[in-house]
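What follows is a single structure, written as structure tokens, with notes after it.
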Amino acid sequence: MITVLSKIIQINELHVIGIIKKDNEELYHVLTVKKKGNKVTIVSMASFTEFEDLKKNVDPNLPLLLFIDGKGVLNKAIDFNNEADVSWYKNIDLNSIYHISLKGLNIDFISFSRKNIIIDTLSKFKKNNFQIIDIYLGSFISAILINSIKKEVILSNDLLLEFKNSKLHKFVKQTDFTKKENYIIGNETISNIYLPLYATVIDFFIKSKEISKTKIETLNTDEIIYKKAFKYFGISILVGFLISLLISFFLIQYYTSKNTALNIQNIYTDKNYQQTLDLEKQKENKEKILLESGFSSSKFLSFYSYEIIKIVPRDVSLTVLEITPLTKESKANQKLIFDSNTINVKGETFNESSFNTWMESLKKMNWLGNFEIISLKKDKKNKSQFEIKITIKNV
């Protein structure tokens with residue numbers, strides 16, 4: 001898991017805090033760098049005399065490397081061809097010290113300190129929530145930069161390092177702390193104070209084969225990677241949640257407006273539907289009235305009047321012609337009832353032969369369904385009076 005995360009989440013920006021221990025004080029030099037590809041760029045350099053000032057000006061969210069030098073840190077060259085050096089190295093208890101070694105020209109150079117000094121310093125920074133990923137000490141580490149500096153003598157903090165064939169040959173501790181030297185590495189200009197801090201960053205990224213040091217078990221770089229992973233994934237989840245929430249908000253607004261529009265449309269649709277039902281009902285009532293009244297025929301009532309009158313013989317006179325007559329006498333506040341599809345004809349004649357001829361002609365009308373002679377009688381003047389009921393076909 002950590003292998004996968006290490007490939008995804010890399011430490012590309014960090015602080016290097018150089019702690020220079022003196023008799024009654026500590027100086028703090030801070031180098032902030034950023035790595036992009038194979039290039040390491042210096043972001044800022046700062047110095048502080050008080051730990052509280054350091055806390056205020058250093059971002060605790062960035063991982064950091066600690067570099068310790070000064071009082072309590074001893075520097076020694078070990079010539080393994082020298083019996084005294086070999087004897088000293090054999091008698092030293094490596095479990096009681098923290099050390100870092102550099103392979104030189106036939107000589108190893110070692111910087112070491114008692115573990116309690118390192119542990120106290122580590123605890124101090126951890127209590128203040130600094131994310132420490134490794135600890136270095138001693139100024140010999142600047143020797144790994146010799147191929148970039150390309151000089152035979154360089155000043156690393158207060159150690160004067162001399163080289164032969166690009167390998168550290170010997171060192172001299174300086175007593176003049178005011179002496180300063182600047183070195184150009186790529187596009188960066190770095191003083192002797194920050195040179196070992198820069199070398200510390202380079203070794204952290206490339207893991208120089210010339211450097212070996214004590215591993216502090218209490219330091220857990222994996223924990224920092226997990227924290228960064230949790231932070232990034234947490235931010236990603238939070239951003240994703242906020243984006244989803246924003247999308248959800250806009251969708252709710254969109255569909256709410258759509259729903260409102262549909263509700264309004266439904267209200268109008270329901271209203272129109274109700275109006276349609278009312279009109280249908282009115283239509284049915286009117287059709288019923290028309291059906292009852294006999295006015296629902298496809299022919300105008302005047303058509304039937306004309307058809308009857310045009311074949312009436314000259315010696316037959318009509319006194320009454322009622323189309324769709326009332327079934328009974330109309331009275332106030334009562335519904336009128338019509339005898340639909342019915343025509344009542346009343347008249348008189350002196351010639352019954354003409355009357356019979358007219359009856360025969362009526363029978364031939366294609367719209368006539370039936371006819372009935374209601375009455376036929378003669379008065380004192382021998383005039384025949386008649387009443388006929390004609391039924392119209394449903395057409």
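Just so we're on the same page: first chain in the structure tokens is A, next is B, and so on; residues restart at 1 for each chain, and ligands are numbered from 1 in the order they show up.
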
Those of segment 128-203 of chain A in DSSP strand (DSSP E), formatted as an NGL selection string: :A and (131-137 or 153-156 or 159-164 or 167-173 or 182-185 or 188-191)

Kindly save the residues from that selection, with N, CA and C atoms included, as an mmCIF file, in the first residue's frame.
data_model
loop_
_atom_site.group_PDB
_atom_site.id
_atom_site.type_symbol
_atom_site.label_atom_id
_atom_site.label_comp_id
_atom_site.auth_asym_id
_atom_site.auth_seq_id
_atom_site.Cartn_x
_atom_site.Cartn_y
_atom_site.Cartn_z
ATOM 1 N N GLN A 131 6.511 18.110 11.036
ATOM 2 C CA GLN A 131 6.524 16.786 10.408
ATOM 3 C C GLN A 131 7.961 16.453 9.978
ATOM 4 N N ILE A 132 8.672 15.792 10.855
ATOM 5 C CA ILE A 132 10.091 15.500 10.607
ATOM 6 C C ILE A 132 10.208 14.181 9.849
ATOM 7 N N ILE A 133 10.950 14.218 8.733
ATOM 8 C CA ILE A 133 11.106 12.996 7.942
ATOM 9 C C ILE A 133 12.515 12.399 8.044
ATOM 10 N N ASP A 134 13.514 13.212 8.469
ATOM 11 C CA ASP A 134 14.860 12.662 8.656
ATOM 12 C C ASP A 134 15.737 13.689 9.367
ATOM 13 N N ILE A 135 16.856 13.184 9.914
ATOM 14 C CA ILE A 135 17.796 14.044 10.639
ATOM 15 C C ILE A 135 19.206 13.821 10.083
ATOM 16 N N TYR A 136 19.904 14.912 9.843
ATOM 17 C CA TYR A 136 21.307 14.886 9.417
ATOM 18 C C TYR A 136 22.113 15.712 10.418
ATOM 19 N N LEU A 137 23.425 15.454 10.477
ATOM 20 C CA LEU A 137 24.274 16.292 11.308
ATOM 21 C C LEU A 137 25.692 16.339 10.735
ATOM 22 N N VAL A 153 38.717 23.528 -2.512
ATOM 23 C CA VAL A 153 38.472 23.865 -1.104
ATOM 24 C C VAL A 153 37.121 24.580 -1.022
ATOM 25 N N ILE A 154 36.280 24.093 -0.123
ATOM 26 C CA ILE A 154 35.001 24.773 0.106
ATOM 27 C C ILE A 154 34.781 24.941 1.604
ATOM 28 N N LEU A 155 33.994 25.962 1.938
ATOM 29 C CA LEU A 155 33.665 26.221 3.336
ATOM 30 C C LEU A 155 32.222 25.772 3.560
ATOM 31 N N SER A 156 32.072 24.777 4.443
ATOM 32 C CA SER A 156 30.757 24.246 4.774
ATOM 33 C C SER A 156 30.468 24.568 6.227
ATOM 34 N N LEU A 159 33.394 24.418 8.702
ATOM 35 C CA LEU A 159 34.439 23.452 8.345
ATOM 36 C C LEU A 159 34.988 23.804 6.963
ATOM 37 N N LEU A 160 36.318 23.849 6.890
ATOM 38 C CA LEU A 160 36.992 24.051 5.604
ATOM 39 C C LEU A 160 37.340 22.666 5.054
ATOM 40 N N LEU A 161 36.701 22.303 3.932
ATOM 41 C CA LEU A 161 36.868 20.967 3.363
ATOM 42 C C LEU A 161 37.815 21.042 2.175
ATOM 43 N N GLU A 162 38.833 20.177 2.204
ATOM 44 C CA GLU A 162 39.810 20.130 1.112
ATOM 45 C C GLU A 162 39.637 18.826 0.334
ATOM 46 N N PHE A 163 39.750 18.918 -1.007
ATOM 47 C CA PHE A 163 39.475 17.776 -1.869
ATOM 48 C C PHE A 163 40.684 17.446 -2.745
ATOM 49 N N LYS A 164 40.760 16.162 -3.091
ATOM 50 C CA LYS A 164 41.695 15.676 -4.103
ATOM 51 C C LYS A 164 40.932 14.715 -5.008
ATOM 52 N N LYS A 167 37.380 14.035 -4.185
ATOM 53 C CA LYS A 167 37.112 13.282 -2.958
ATOM 54 C C LYS A 167 37.634 14.078 -1.772
ATOM 55 N N LEU A 168 36.864 14.065 -0.677
ATOM 56 C CA LEU A 168 37.276 14.788 0.523
ATOM 57 C C LEU A 168 38.581 14.185 1.053
ATOM 58 N N HIS A 169 39.523 15.069 1.264
ATOM 59 C CA HIS A 169 40.858 14.618 1.698
ATOM 60 C C HIS A 169 41.098 14.944 3.164
ATOM 61 N N LYS A 170 40.765 16.170 3.565
ATOM 62 C CA LYS A 170 40.904 16.550 4.973
ATOM 63 C C LYS A 170 40.015 17.749 5.268
ATOM 64 N N PHE A 171 39.889 18.071 6.539
ATOM 65 C CA PHE A 171 39.073 19.215 6.935
ATOM 66 C C PHE A 171 39.783 19.989 8.030
ATOM 67 N N VAL A 172 39.418 21.259 8.138
ATOM 68 C CA VAL A 172 39.965 22.134 9.187
ATOM 69 C C VAL A 172 38.798 22.928 9.764
ATOM 70 N N LYS A 173 38.653 22.911 11.072
ATOM 71 C CA LYS A 173 37.582 23.684 11.712
ATOM 72 C C LYS A 173 38.006 25.132 11.812
ATOM 73 N N ASN A 182 30.260 32.340 -0.848
ATOM 74 C CA ASN A 182 29.084 32.016 -1.666
ATOM 75 C C ASN A 182 29.480 31.078 -2.796
ATOM 76 N N TYR A 183 28.567 30.137 -3.097
ATOM 77 C CA TYR A 183 28.838 29.159 -4.149
ATOM 78 C C TYR A 183 27.654 29.140 -5.121
ATOM 79 N N ILE A 184 28.006 29.021 -6.403
ATOM 80 C CA ILE A 184 26.963 28.972 -7.434
ATOM 81 C C ILE A 184 26.774 27.522 -7.864
ATOM 82 N N ILE A 185 25.552 27.034 -7.663
ATOM 83 C CA ILE A 185 25.184 25.674 -8.081
ATOM 84 C C ILE A 185 23.979 25.799 -9.009
ATOM 85 N N GLU A 188 21.427 28.692 -8.623
ATOM 86 C CA GLU A 188 21.312 29.085 -7.215
ATOM 87 C C GLU A 188 22.650 29.594 -6.679
ATOM 88 N N THR A 189 22.574 30.637 -5.870
ATOM 89 C CA THR A 189 23.745 31.142 -5.146
ATOM 90 C C THR A 189 23.542 30.835 -3.673
ATOM 91 N N ILE A 190 24.468 30.038 -3.110
ATOM 92 C CA ILE A 190 24.280 29.511 -1.754
ATOM 93 C C ILE A 190 25.503 29.831 -0.912
ATOM 94 N N SER A 191 25.273 30.369 0.275
ATOM 95 C CA SER A 191 26.386 30.675 1.186
ATOM 96 C C SER A 191 26.826 29.427 1.923
#

Segment 158-362 of chain A: residues DSSP assigns to alpha helix (DSSP H), reported as a PyMOL selection string: chain A and resi 195-206+221-293+301-309+352-362

Within 10 Å of Lys179 of chain A using only C-alpha atoms, minus same-chain residues under 3 positions, as a list in words: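 In the requested form, the answer reads Leu155, Asn157, Asp158, Gln174, Thr175, Asp176 and Asn192 of chain A.
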
Generate the output file for the selected residues, C-alpha atoms, as a CSV table (one decimal), in the first residue's frame.
chain,number,residue,atom,x,y,z
A,155,LEU,CA,33.7,26.2,3.3
A,157,ASN,CA,29.3,26.1,7.8
A,158,ASP,CA,32.5,26.4,9.9
A,174,GLN,CA,37.5,27.5,11.4
A,175,THR,CA,37.6,29.8,14.4
A,176,ASP,CA,36.6,32.9,12.4
A,192,ASN,CA,28.5,28.4,3.3

Selection near Thr324 of chain A, 6 Å with only C-alpha atoms, sequence-local residues under 3 positions removed, as number ranges by chain: A: 338-340, 342-343

Residue selection dump (N, CA and C atoms) as an mmCIF file, in the first residue's frame:
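What landed in result-v1.cif:
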data_model
loop_
_atom_site.group_PDB
_atom_site.id
_atom_site.type_symbol
_atom_site.label_atom_id
_atom_site.label_comp_id
_atom_site.auth_asym_id
_atom_site.auth_seq_id
_atom_site.Cartn_x
_atom_site.Cartn_y
_atom_site.Cartn_z
ATOM 1 N N PHE A 338 -92.131 18.329 -27.404
ATOM 2 C CA PHE A 338 -92.500 18.333 -28.820
ATOM 3 C C PHE A 338 -92.671 16.902 -29.315
ATOM 4 N N ASP A 339 -93.550 16.778 -30.248
ATOM 5 C CA ASP A 339 -93.739 15.491 -30.924
ATOM 6 C C ASP A 339 -92.795 15.483 -32.128
ATOM 7 N N SER A 340 -91.604 14.977 -31.908
ATOM 8 C CA SER A 340 -90.534 15.081 -32.920
ATOM 9 C C SER A 340 -90.857 14.229 -34.144
ATOM 10 N N THR A 342 -92.726 14.763 -36.525
ATOM 11 C CA THR A 342 -94.171 14.680 -36.814
ATOM 12 C C THR A 342 -94.646 15.992 -37.443
ATOM 13 N N ILE A 343 -95.545 15.843 -38.409
ATOM 14 C CA ILE A 343 -96.177 17.010 -39.041
ATOM 15 C C ILE A 343 -97.698 16.801 -38.995
#

Residue contacts of His29 of chain A (10 Å, only C-alpha atoms) excluding same-chain residues fewer than 4 positions away, as a ChimeraX atom specification: /A:16-20,45-49,54,67,193-194,197

Selection near Gly37 of chain A, 12 Å with only C-alpha atoms, sequence-local residues under 5 positions removed, as a list in words: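 In the requested format, the answer is Gln10, Ile11, Asn12, Glu13 and Phe205 of chain A.
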
Minimum-distance residue to Thr349 of chain A, chosen among A:Asn366, A:Pro313, A:Ser44, A:Glu372 (using only C-alpha atoms):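 Checking each candidate against Thr349 of chain A, we get A:Pro313 as the closest.
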
Length of the atom CA of Leu102 of chain A to atom CA of Ile68 of chain A vector [Å]: 15.9 Å

Nearest to Lys127 of chain A, chosen from A:Gly369, A:Gly347, A:Pro60, A:Pro325, with only C-alpha atoms counted in the distances: A:Pro60

Using only C-alpha atoms: which of A:Leu318, A:Ile392, A:Leu326, A:Leu219 has the shortest distance to Ser123 of chain A: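 Ranked by minimum distance to Ser123 of chain A, first place goes to A:Leu219.
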
Nearest candidate to Ser101 of chain A (options A:Ile42, A:Ile211, A:Leu74, A:Leu27; using only C-alpha atoms):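 The closest residue to Ser101 of chain A is A:Ile211.
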
Nearby residues (only C-alpha atoms) at most 6 Å from Ser113 of chain A, same-chain spacing under 5 positions excluded, as a ChimeraX atom specification: /A:72-73,97-98

Top pick for closest residue to Tyr304 of chain A, considering A:Ser142, A:Ser87, A:Thr391, A:Asn106 and counting only C-alpha atoms: A:Thr391
